[in-house]
$ cat model_23.cif   # mmCIF, C-alpha atoms
data_data
#
loop_
_atom_site.label_atom_id
_atom_site.label_comp_id
_atom_site.auth_asym_id
_atom_site.auth_seq_id
_atom_site.Cartn_x
_atom_site.Cartn_y
_atom_site.Cartn_z
CA MET A 1265 -3.24 2.53 -26.73
CA ILE A 1266 -5.11 5.08 -28.81
CA THR A 1267 -3.56 8.53 -29.03
CA ILE A 1268 -6.15 11.17 -28.15
CA PRO A 1269 -5.63 14.31 -30.26
CA THR A 1270 -6.20 17.82 -28.97
CA ILE A 1271 -9.14 19.92 -30.15
CA SER A 1272 -6.67 22.12 -32.03
CA GLN A 1273 -5.28 19.09 -33.89
CA LEU A 1274 -8.78 17.86 -34.73
CA THR A 1275 -9.82 21.32 -35.95
CA THR A 1276 -6.76 21.55 -38.19
CA SER A 1277 -7.48 18.06 -39.60
CA ILE A 1278 -11.10 18.96 -40.38
CA LEU A 1279 -10.10 22.25 -42.04
CA THR A 1280 -7.50 20.41 -44.14
CA ASP A 1281 -10.20 17.97 -45.34
CA LEU A 1282 -12.58 20.85 -46.14
CA GLN A 1283 -9.91 22.73 -48.09
CA ALA A 1284 -9.13 19.57 -50.06
CA ALA A 1285 -12.85 19.03 -50.77
CA TYR A 1286 -13.43 22.63 -51.95
CA GLY A 1287 -10.08 22.95 -53.66
CA ALA A 1288 -9.51 26.37 -52.12
CA PRO A 1289 -8.10 27.74 -48.88
CA ILE A 1290 -10.55 28.69 -46.13
CA PRO A 1291 -10.30 32.33 -45.03
CA THR A 1292 -8.58 32.81 -41.71
CA PHE A 1293 -10.81 35.51 -40.21
CA THR A 1294 -12.39 34.45 -36.92
CA LYS A 1295 -16.09 34.47 -37.87
CA ASN A 1296 -15.73 32.30 -40.96
CA VAL A 1297 -18.63 29.82 -40.78
CA LEU A 1298 -16.55 26.84 -41.94
CA ARG A 1299 -13.97 27.44 -39.23
CA ILE A 1300 -16.71 27.66 -36.60
CA GLN A 1301 -18.26 24.41 -37.87
CA ALA A 1302 -14.83 22.76 -37.83
CA LEU A 1303 -14.34 23.78 -34.20
CA VAL A 1304 -17.77 22.41 -33.23
CA GLN A 1305 -17.11 19.10 -34.99
CA ALA A 1306 -13.67 18.88 -33.39
CA ALA A 1307 -15.24 19.20 -29.94
CA LYS A 1308 -17.69 16.39 -30.75
CA LEU A 1309 -14.90 14.18 -32.09
CA LYS A 1310 -12.89 14.86 -28.93
CA ILE A 1311 -15.73 13.35 -26.88
CA TYR A 1312 -15.71 10.24 -29.09
CA TYR A 1313 -11.95 9.88 -28.74
CA LEU A 1314 -12.18 10.22 -24.97
CA ALA A 1315 -14.91 7.57 -24.84
CA ILE A 1316 -12.90 5.17 -27.01
CA GLY A 1317 -9.79 5.82 -24.94
CA SER A 1318 -11.69 5.12 -21.73
CA ILE A 1319 -13.04 1.84 -23.08
CA GLN A 1320 -9.60 0.75 -24.24
CA LYS A 1321 -8.08 1.71 -20.89
CA ASN A 1322 -10.64 -0.28 -18.94
CA ILE A 1323 -10.20 -3.60 -20.72
CA PHE A 1324 -6.85 -4.15 -18.95
CA VAL A 1325 -6.42 -4.56 -15.20
CA ASP A 1326 -3.13 -2.64 -15.16
CA THR A 1327 -4.70 0.53 -16.61
CA ALA A 1328 -8.36 0.27 -15.54
CA ASP A 1329 -9.91 3.10 -13.56
CA PRO A 1330 -11.65 2.34 -10.25
CA VAL A 1331 -15.42 1.89 -10.27
CA SER A 1332 -15.82 5.25 -8.50
CA ALA A 1333 -14.38 6.90 -11.65
CA GLY A 1334 -16.55 4.85 -14.01
CA GLY A 1335 -13.91 2.14 -14.55
CA THR A 1336 -13.69 -1.63 -14.20
CA LEU A 1337 -10.74 -2.22 -11.86
CA GLU A 1338 -12.75 -3.76 -9.02
CA ARG A 1339 -14.56 -6.03 -11.48
CA PHE A 1340 -11.22 -7.43 -12.65
CA GLY A 1341 -10.04 -7.74 -9.08
CA PHE A 1342 -13.18 -9.45 -7.84
CA VAL A 1343 -13.04 -12.03 -10.63
CA LYS A 1344 -9.45 -12.98 -9.78
CA LEU A 1345 -9.15 -12.20 -6.07
CA GLY A 1346 -12.71 -12.95 -5.06
CA ARG A 1347 -12.97 -9.70 -3.11
CA ASN A 1348 -13.20 -5.94 -3.36
CA PRO A 1349 -10.52 -3.71 -1.83
CA PHE A 1350 -10.19 -4.25 1.91
CA PRO A 1351 -12.04 -1.56 3.88
CA ALA A 1352 -10.43 0.14 6.87
CA ARG A 1353 -10.71 -1.83 10.11
CA ALA A 1354 -11.42 -0.24 13.47
CA GLY A 1355 -9.08 -1.02 16.31
CA GLN A 1356 -10.31 -2.43 19.60
CA TYR A 1357 -8.38 -1.73 22.78
CA VAL A 1358 -8.29 -3.32 26.21
CA CYS A 1359 -8.40 -0.61 28.89
CA LEU A 1360 -8.07 -0.53 32.66
CA VAL A 1361 -11.00 1.05 34.44
CA SER A 1362 -11.58 1.69 38.14
CA GLY A 1363 -14.53 2.47 40.37
CA THR A 1364 -16.92 1.03 42.90
CA ILE A 1365 -17.51 -2.71 42.64
CA GLY A 1366 -20.99 -3.29 41.27
CA ALA A 1367 -21.09 -0.04 39.32
CA THR A 1368 -22.18 -0.44 35.70
CA ILE A 1369 -20.86 1.14 32.52
CA ALA A 1370 -23.71 1.10 30.02
CA ALA A 1371 -23.33 -0.16 26.48
CA ASN A 1372 -22.68 2.62 23.93
CA THR A 1373 -20.82 4.73 26.48
CA THR A 1374 -18.23 6.75 24.60
CA PHE A 1375 -14.70 7.77 25.53
CA LYS A 1376 -12.45 10.38 23.94
CA SER A 1377 -8.69 9.92 23.66
CA ASP A 1378 -6.78 12.53 25.65
CA ASP A 1379 -4.57 15.18 24.11
CA ASN A 1380 -1.37 13.31 25.05
CA SER A 1381 -2.52 10.06 23.44
CA THR A 1382 -1.12 8.64 20.20
CA SER A 1383 -4.26 9.74 18.36
CA PRO A 1384 -5.82 12.59 20.35
CA GLY A 1385 -9.45 13.59 20.10
CA MET A 1386 -10.78 10.30 18.69
CA LEU A 1387 -13.97 8.65 19.94
CA PHE A 1388 -14.25 5.06 21.20
CA ILE A 1389 -17.30 3.10 22.28
CA LEU A 1390 -18.12 0.28 24.71
CA ASP A 1391 -20.27 -2.22 22.85
CA ASN A 1392 -21.71 -4.13 25.84
CA ASN A 1393 -22.76 -3.36 29.40
CA TYR A 1394 -19.98 -3.93 31.94
CA THR A 1395 -20.30 -4.31 35.72
CA LEU A 1396 -17.17 -3.64 37.78
CA VAL A 1397 -15.83 -6.55 39.83
CA GLY A 1398 -12.35 -5.24 40.72
CA SER A 1399 -9.19 -5.22 38.52
CA ASP A 1400 -11.50 -4.37 35.64
CA ARG A 1401 -10.75 -4.35 31.95
CA ILE A 1402 -13.10 -3.16 29.23
CA THR A 1403 -12.74 -3.31 25.45
CA LEU A 1404 -13.31 -0.08 23.54
CA ARG A 1405 -13.85 0.05 19.78
CA ALA A 1406 -12.74 3.02 17.67
CA LEU A 1407 -15.59 4.82 15.95
CA THR A 1408 -13.19 5.92 13.20
CA PRO A 1409 -11.60 2.91 11.47
CA GLY A 1410 -7.98 2.83 10.38
CA GLN A 1411 -4.63 3.96 11.73
CA ILE A 1412 -5.93 7.49 12.28
CA SER A 1413 -7.42 6.33 15.60
CA LYS A 1414 -4.58 4.02 16.67
CA LEU A 1415 -3.78 3.85 20.38
CA THR A 1416 -0.80 2.35 22.19
CA PRO A 1417 -0.26 1.12 25.77
CA TYR A 1418 -0.38 3.85 28.44
CA ASP A 1419 -2.57 6.11 26.29
CA THR A 1420 -5.50 7.46 28.29
CA LEU A 1421 -9.11 8.23 27.43
CA THR A 1422 -11.86 10.12 29.24
CA SER A 1423 -15.57 9.36 29.17
CA THR A 1424 -17.60 11.95 27.30
CA ALA A 1425 -20.19 11.99 30.13
CA PRO A 1426 -19.90 11.23 33.87
CA ILE A 1427 -20.47 7.59 34.89
CA ALA A 1428 -21.89 6.97 38.34
CA ASN A 1429 -19.30 5.47 40.73
CA VAL A 1430 -16.79 4.93 37.89
CA ASN A 1431 -13.56 6.84 37.29
CA SER A 1432 -14.01 8.77 34.03
CA SER A 1433 -10.39 8.14 32.96
CA VAL A 1434 -9.26 4.77 31.53
CA ALA A 1435 -5.83 3.63 30.36
CA VAL A 1436 -4.95 1.43 27.39
CA ILE A 1437 -3.00 -1.73 28.24
CA GLY A 1438 -3.07 -3.39 24.83
CA SER A 1439 -4.94 -3.95 21.59
CA PHE A 1440 -7.56 -6.64 21.11
CA ILE A 1441 -7.85 -5.99 17.37
CA ASP A 1442 -5.24 -3.86 15.60
CA PRO A 1443 -6.53 -1.11 13.30
CA LEU A 1444 -5.89 -1.36 9.57
CA ASP A 1445 -6.13 1.30 6.88
CA ALA A 1446 -8.27 0.73 3.81
CA GLU A 1447 -6.44 -0.94 0.94
CA SER A 1448 -5.43 1.67 -1.62
CA ILE A 1449 -6.59 1.34 -5.20
CA GLU A 1450 -2.99 0.93 -6.41
CA ASP A 1451 -2.25 -1.80 -3.83
CA TYR A 1452 -5.45 -3.56 -4.90
CA ARG A 1453 -4.45 -3.21 -8.55
CA GLN A 1454 -1.03 -4.72 -7.83
CA SER A 1455 -2.59 -7.65 -5.98
CA ALA A 1456 -4.91 -8.30 -8.91
CA ILE A 1457 -2.05 -8.11 -11.43
CA GLU A 1458 0.01 -10.59 -9.39
CA ALA A 1459 -2.96 -12.94 -9.13
CA TYR A 1460 -3.28 -12.94 -12.93
CA ARG A 1461 0.45 -13.41 -13.48
CA LEU A 1462 1.15 -16.02 -10.81
CA GLU A 1463 -0.32 -19.43 -11.51
CA PRO A 1464 -1.53 -21.51 -8.54
CA GLN A 1465 0.55 -24.70 -8.35
CA GLY A 1466 -0.57 -26.52 -5.23
CA GLY A 1467 2.03 -25.21 -2.82
CA ALA A 1468 4.77 -23.58 -4.90
CA ALA A 1469 6.31 -20.22 -4.04
CA THR A 1470 3.69 -18.45 -6.16
CA ASP A 1471 0.92 -19.93 -4.02
CA TYR A 1472 2.36 -18.59 -0.78
CA ARG A 1473 2.55 -15.12 -2.32
CA ILE A 1474 -1.05 -15.30 -3.52
CA TRP A 1475 -2.30 -16.72 -0.22
CA ALA A 1476 -0.50 -14.16 1.94
CA LYS A 1477 -2.21 -11.31 0.06
CA ASP A 1478 -5.56 -12.55 1.42
CA ALA A 1479 -4.55 -11.06 4.78
CA GLN A 1480 -5.36 -7.36 4.96
CA GLY A 1481 -2.28 -5.19 5.43
CA VAL A 1482 0.20 -7.39 3.52
CA ALA A 1483 2.28 -5.59 0.89
CA ASN A 1484 4.32 -8.62 -0.18
CA SER A 1485 5.78 -11.90 1.03
CA TYR A 1486 8.98 -13.80 0.33
CA PRO A 1487 8.88 -17.61 0.66
CA TYR A 1488 12.10 -19.63 1.03
CA ALA A 1489 12.83 -23.28 1.70
CA LYS A 1490 14.35 -23.22 5.19
CA SER A 1491 18.08 -23.88 5.04
CA GLY A 1492 19.11 -27.09 6.82
CA ALA A 1493 15.55 -28.32 7.32
CA ASN A 1494 13.42 -30.72 5.33
CA ASN A 1495 9.97 -29.63 4.18
CA GLU A 1496 9.97 -26.40 6.15
CA ILE A 1497 9.37 -22.93 4.76
CA ASN A 1498 10.41 -19.48 5.92
CA LEU A 1499 7.75 -17.01 4.82
CA TYR A 1500 8.89 -13.42 5.30
CA VAL A 1501 5.98 -10.97 5.41
CA GLU A 1502 6.16 -7.29 4.48
CA ALA A 1503 3.34 -5.02 5.66
CA THR A 1504 2.06 -1.95 3.87
CA ILE A 1505 3.72 1.20 5.18
CA ALA A 1506 0.49 2.42 6.79
CA ASP A 1507 -0.10 -0.87 8.59
CA SER A 1508 3.49 -1.57 9.63
CA THR A 1509 4.70 -1.17 13.19
CA ASP A 1510 7.59 1.13 12.28
CA GLY A 1511 6.62 2.83 9.02
CA LYS A 1512 9.19 0.66 7.23
CA GLY A 1513 7.12 -2.44 6.41
CA THR A 1514 7.60 -4.50 9.56
CA PRO A 1515 4.38 -6.46 10.25
CA SER A 1516 2.73 -6.69 13.65
CA ALA A 1517 2.34 -10.00 15.46
CA SER A 1518 -1.39 -9.94 14.69
CA LEU A 1519 -0.69 -9.53 10.97
CA LEU A 1520 1.65 -12.54 11.02
CA THR A 1521 -1.12 -14.50 12.72
CA ALA A 1522 -3.56 -13.37 10.02
CA VAL A 1523 -1.15 -14.54 7.31
CA GLU A 1524 -0.83 -17.92 9.01
CA SER A 1525 -4.61 -18.21 9.05
CA VAL A 1526 -5.06 -17.53 5.32
CA VAL A 1527 -2.13 -19.75 4.32
CA GLU A 1528 -3.68 -22.64 6.24
CA PHE A 1529 -7.28 -22.01 5.21
CA ASP A 1530 -8.85 -20.12 2.30
CA PRO A 1531 -10.92 -17.22 3.71
CA ASP A 1532 -13.42 -17.48 0.82
CA THR A 1533 -16.55 -18.70 2.59
CA THR A 1534 -18.38 -19.26 -0.71
CA LYS A 1535 -16.31 -22.39 -1.29
CA PRO A 1536 -17.16 -25.74 0.30
CA LEU A 1537 -14.99 -26.66 3.31
CA SER A 1538 -13.36 -29.47 1.34
CA GLU A 1539 -11.85 -26.92 -1.07
CA ARG A 1540 -10.55 -24.40 1.45
CA GLY A 1541 -7.50 -26.20 2.82
CA ARG A 1542 -4.28 -24.72 1.43
CA ARG A 1543 -0.99 -25.78 3.01
CA PRO A 1544 0.30 -28.91 1.22
CA LEU A 1545 0.43 -32.12 3.24
CA GLY A 1546 4.17 -32.54 2.61
CA VAL A 1547 5.06 -29.21 4.27
CA PHE A 1548 5.78 -29.95 7.92
CA GLN A 1549 6.00 -26.36 9.11
CA VAL A 1550 5.77 -22.80 7.86
CA HIS A 1551 7.68 -20.18 9.83
CA TYR A 1552 5.96 -16.80 9.61
CA LEU A 1553 8.67 -14.17 9.92
CA ALA A 1554 8.81 -10.38 9.76
CA ILE A 1555 10.97 -8.77 7.12
CA THR A 1556 14.07 -6.90 8.33
CA PRO A 1557 14.39 -3.28 7.13
CA LEU A 1558 18.05 -2.35 6.67
CA ASN A 1559 18.93 1.31 6.98
CA ILE A 1560 20.45 2.86 3.86
CA ASP A 1561 22.77 5.83 4.46
CA ILE A 1562 24.19 7.73 1.49
CA THR A 1563 26.89 10.39 1.41
CA ILE A 1564 27.28 12.60 -1.67
CA SER A 1565 30.58 14.49 -1.67
CA GLY A 1566 31.64 17.54 -3.67
CA PHE A 1567 28.16 18.51 -4.88
CA SER A 1568 28.83 22.24 -4.88
CA GLY A 1569 25.93 24.64 -5.04
CA VAL A 1570 23.28 21.99 -4.47
CA THR A 1571 19.95 23.66 -3.68
CA ALA A 1572 17.15 22.60 -1.35
CA ASP A 1573 14.93 21.82 -4.35
CA GLN A 1574 17.64 19.61 -5.86
CA LYS A 1575 18.05 17.78 -2.56
CA THR A 1576 14.32 17.13 -2.51
CA LEU A 1577 14.43 15.76 -6.06
CA ILE A 1578 17.29 13.43 -5.18
CA LEU A 1579 15.58 12.30 -1.97
CA ASN A 1580 12.34 11.50 -3.78
CA ALA A 1581 14.12 9.71 -6.63
CA ILE A 1582 16.22 7.51 -4.35
CA THR A 1583 13.25 6.76 -2.08
CA GLN A 1584 11.22 5.68 -5.12
CA ALA A 1585 14.07 3.54 -6.45
CA LEU A 1586 14.56 1.79 -3.10
CA SER A 1587 10.84 1.01 -2.83
CA GLN A 1588 11.29 -1.23 -5.89
CA VAL A 1589 14.35 -3.10 -4.56
CA ARG A 1590 13.16 -6.36 -3.02
CA PRO A 1591 14.41 -9.95 -2.55
CA PHE A 1592 14.23 -12.04 -5.70
CA ILE A 1593 12.28 -15.31 -5.43
CA SER A 1594 13.42 -17.40 -8.37
CA ALA A 1595 10.42 -19.73 -8.17
CA SER A 1596 7.88 -16.94 -8.65
CA ASP A 1597 9.53 -13.72 -9.85
CA ILE A 1598 10.28 -12.82 -13.46
CA LEU A 1599 14.01 -12.93 -14.17
CA SER A 1600 13.93 -9.92 -16.51
CA GLU A 1601 12.40 -7.84 -13.70
CA ARG A 1602 14.92 -8.87 -11.06
CA ASN A 1603 15.78 -5.92 -8.82
CA ASP A 1604 17.32 -7.16 -5.57
CA THR A 1605 20.64 -5.27 -5.64
CA PHE A 1606 21.44 -1.65 -4.81
CA SER A 1607 24.83 -0.10 -5.50
CA ILE A 1608 26.79 3.12 -5.73
CA ASN A 1609 26.39 2.99 -9.50
CA ASN A 1610 22.61 2.93 -9.02
CA ILE A 1611 22.80 6.04 -6.86
CA ILE A 1612 24.92 7.91 -9.40
CA SER A 1613 22.46 7.03 -12.19
CA ILE A 1614 19.50 8.15 -10.06
CA ILE A 1615 21.14 11.50 -9.25
CA LEU A 1616 21.99 12.21 -12.88
CA ALA A 1617 18.48 11.24 -14.00
CA ALA A 1618 16.94 13.55 -11.38
CA ILE A 1619 19.35 16.42 -12.04
CA PRO A 1620 20.94 16.16 -15.50
CA GLY A 1621 24.44 17.61 -15.56
CA ALA A 1622 24.90 17.40 -11.78
CA ILE A 1623 28.56 17.55 -10.77
CA PHE A 1624 29.85 15.82 -7.63
CA THR A 1625 33.09 14.08 -6.70
CA SER A 1626 32.03 10.82 -5.05
CA VAL A 1627 29.22 8.78 -3.52
CA SER A 1628 29.42 6.35 -0.60
CA LEU A 1629 26.84 3.78 0.47
CA SER A 1630 26.23 2.21 3.86
CA VAL A 1631 23.81 -0.67 4.52
CA ALA A 1632 22.99 -1.38 8.18
CA SER A 1633 25.94 0.88 9.16
CA VAL A 1634 28.42 -1.10 7.02
CA GLY A 1635 30.07 0.60 4.06
CA VAL A 1636 29.57 -1.28 0.79
CA SER A 1637 29.80 -0.63 -2.92
CA SER A 1638 26.89 -2.96 -3.67
CA TYR A 1639 24.42 -4.98 -1.59
CA GLN A 1640 22.03 -7.82 -2.48
CA PHE A 1641 18.83 -8.03 -0.45
CA GLN A 1642 17.56 -11.51 0.31
CA ASN A 1643 16.00 -13.68 3.03
CA GLY A 1644 13.54 -11.01 4.09
CA ASP A 1645 15.94 -8.07 4.12
CA ILE A 1646 14.55 -4.93 2.48
CA PRO A 1647 16.11 -1.45 2.13
CA TYR A 1648 14.94 1.66 3.94
CA LEU A 1649 16.41 5.09 3.22
CA ASN A 1650 17.67 6.45 6.53
CA SER A 1651 19.72 9.48 5.46
CA ILE A 1652 21.39 11.38 2.63
CA THR A 1653 24.35 13.51 3.66
CA TYR A 1654 26.04 16.15 1.52
CA ALA A 1655 29.72 16.45 2.40
#
$ encode --input "model_23.cif" --output "structure tokens"
Amino acid sequence: MITIPTISQLTTSILTDLQAAYGAPIPTFTKNVLRIQALVQAAKLKIYYLAIGSIQKNIFVDTADPVSAGGTLERFGFVKLGRNPFPARAGQYVCLVSGTIGATIAANTTFKSDDNSTSPGMLFILDNNYTLVGSDRITLRALTPGQISKLTPYDTLTSTAPIANVNSSVAVIGSFIDPLDAESIEDYRQSAIEAYRLEPQGGAATDYRIWAKDAQGVANSYPYAKSGANNEINLYVEATIADSTDGKGTPSASLLTAVESVVEFDPDTTKPLSERGRRPLGVFQVHYLAITPLNIDITISGFSGVTADQKTLILNAITQALSQVRPFISASDILSERNDTFSINNIISIILAAIPGAIFTSVSLSVASVGVSSYQFQNGDIPYLNSITYA
């Protein structure tokens, strides 16, 4: 990558060239015309350098800026993934409603989630007319897409205007369509990079990873041949944090269903039907499984004088390190990038990198409430930092 000099460096370089050309030093007083011209030319050169740097940055998918910033990232992604970043999806919720049989709730009637709901103050709309028949259920769609308007069973909503012969309060009993947040630019970038690096092979581990990413909300997937079974696959699915059920990466049942759909059938409708089948004929069954987050508890002993700021640095550093520890799939992952083990030695290195010269007596590590010195994550197990204790 090109190194972009500062205006000061460019000015000094221009003045050096001028002094060499004239064979004499240029006076240092502020209003010297040559120094002013050098500063003006340095500013112009800076613009050229920035333009060249931007062009160079945007010829690689791993460094390209998004289109909104004048870059080419989505162009790379669309060529390889066949899509732009997933937009946020609005949730739709099945709600119990009561009133006089025969009363009608008009289409476009809006409801507002109550203050004690999971997402208070959000608006939801009824898309079609509904006439009460007894034991009535209506489906309300969030007007704000994404997890920001998520509702859960027993949440209540109130109509924004009175409805004749209909109780204004309704209660959620379940979701018809789960909400999903918009795909972040960095998640989209990572999906595009993986699509370039992983070659389709007609049903190998790399294919399952590529296919699973066609379902919105998938962060990663881990395919294994099922132990003790012939021609069966266990596909562990990890959701993005925002779209997980627990904030740890556990996918919802609807996300697993979405993964099954895209693994069986390519969602790209521009292709002819004969080219959209995916799962190889020789695979009898694919088991779509949720990953299992394992709580990581760390105790740091004898760290005298540790400050709140230092604790924050350590917390952030360990959290970041654990986010990179994932099961290693030998058929698709790069051996030199293998990172499926977490140990006490890792923790010590992370602490010393975050706070050089830190002094402490010992570190202990617990995975899923079991003390260990080192732990290898596999078969859908992933780490989740639960606590750091200073003893």
$ residues_around --input "model_23.cif" --residues "range 1427-1430 of chain A" --least-positions-apart "2" --cutoff "7 Å" --atoms "only C-alpha atoms" --output "list in words"
Ser1362, Gly1363, Thr1364, Ala1367, Ile1369, Ala1425 and Ser1432 of chain A
$ write_last_selection --input "model_23.cif" --atoms "C-alpha atoms" --output "mmCIF file, in the coordinates of the input"
data_model
loop_
_atom_site.group_PDB
_atom_site.id
_atom_site.type_symbol
_atom_site.label_atom_id
_atom_site.label_comp_id
_atom_site.auth_asym_id
_atom_site.auth_seq_id
_atom_site.Cartn_x
_atom_site.Cartn_y
_atom_site.Cartn_z
ATOM 1 C CA SER A 1362 -11.580 1.690 38.140
ATOM 2 C CA GLY A 1363 -14.530 2.470 40.370
ATOM 3 C CA THR A 1364 -16.920 1.030 42.900
ATOM 4 C CA ALA A 1367 -21.090 -0.040 39.320
ATOM 5 C CA ILE A 1369 -20.860 1.140 32.520
ATOM 6 C CA ALA A 1425 -20.190 11.990 30.130
ATOM 7 C CA SER A 1432 -14.010 8.770 34.030
#
$ resolve_selection --input "model_23.cif" --expression "the PyMOL selection byres ((chain A and resi 1594-1605) around 10)" --output "PyMOL selection string"
chain A and resi 1461-1463+1468-1473+1486-1488+1585-1586+1588-1593+1606-1607+1610+1638-1642+1645-1647
$ residues_around --input "model_23.cif" --residues "Glu1502 in chain A" --least-positions-apart "4" --cutoff "9 Å" --atoms "only C-alpha atoms" --output "list in words"
Gly1481, Val1482, Ala1483, Asn1484, Ser1485, Tyr1486, Ser1508, Lys1512, Gly1513, Thr1514, Pro1515, Ala1554, Ile1555, Thr1556, Gly1644 and Ile1646 of chain A
$ write_last_selection --input "model_23.cif" --atoms "C-alpha atoms" --output "compact mmCIF listing (two decimals), keeping the file's coordinate frame"
# COMPACT_ATOMS: atom_id res chain seq x y z
CA GLY A 1481 -2.28 -5.19 5.43
CA VAL A 1482 0.20 -7.39 3.52
CA ALA A 1483 2.28 -5.59 0.89
CA ASN A 1484 4.32 -8.62 -0.18
CA SER A 1485 5.78 -11.90 1.03
CA TYR A 1486 8.98 -13.80 0.33
CA SER A 1508 3.49 -1.57 9.63
CA LYS A 1512 9.19 0.66 7.23
CA GLY A 1513 7.12 -2.44 6.41
CA THR A 1514 7.60 -4.50 9.56
CA PRO A 1515 4.38 -6.46 10.25
CA ALA A 1554 8.81 -10.38 9.76
CA ILE A 1555 10.97 -8.77 7.12
CA THR A 1556 14.07 -6.90 8.33
CA GLY A 1644 13.54 -11.01 4.09
CA ILE A 1646 14.55 -4.93 2.48
$ residues_around --input "model_23.cif" --residues "Gly1410 in chain A" --least-positions-apart "6" --cutoff "6 Å" --atoms "all atoms listed in the file" --output "PyMOL selection string"
chain A and resi 1352-1354+1443-1445
$ closest_residue --input "model_23.cif" --among "A:Ala1493, A:Leu1421, A:Ala1328, A:Val1343" --to "Thr1374 in chain A" --atoms "all atoms listed in the file"
A:Leu1421
$ resolve_selection --input "model_23.cif" --expression "the PyMOL selection byres ((chain A and resi 1579) around 12)" --output "list in words"
Asp1561, Ile1562, Thr1563, Ile1564, Ala1572, Asp1573, Gln1574, Lys1575, Thr1576, Leu1577, Ile1578, Asn1580, Ala1581, Ile1582, Thr1583, Gln1584, Ala1585, Leu1586, Ile1611, Ile1614, Ile1615, Ala1618, Ile1619, Leu1649, Asn1650, Ser1651, Ile1652, Thr1653 and Tyr1654 of chain A
$ residues_around --input "model_23.cif" --residues "Ser1565 in chain A" --least-positions-apart "6" --cutoff "9 Å" --atoms "only C-alpha atoms" --output "PDB file with C-alpha atoms, in the coordinates of the input"
ATOM      1  CA  PHE A1624      29.850  15.820  -7.630  1.00  0.00           C
ATOM      2  CA  THR A1625      33.090  14.080  -6.700  1.00  0.00           C
ATOM      3  CA  SER A1626      32.030  10.820  -5.050  1.00  0.00           C
ATOM      4  CA  VAL A1627      29.220   8.780  -3.520  1.00  0.00           C
ATOM      5  CA  SER A1628      29.420   6.350  -0.600  1.00  0.00           C
ATOM      6  CA  THR A1653      24.350  13.510   3.660  1.00  0.00           C
ATOM      7  CA  TYR A1654      26.040  16.150   1.520  1.00  0.00           C
ATOM      8  CA  ALA A1655      29.720  16.450   2.400  1.00  0.00           C
TER       9      ALA A1655
END
$ closest_residue --input "model_23.cif" --among "A:Ser1272, A:Asn1494, A:Asn1559, A:Thr1509" --to "Val1547 in chain A" --atoms "all atoms listed in the file"
A:Asn1494
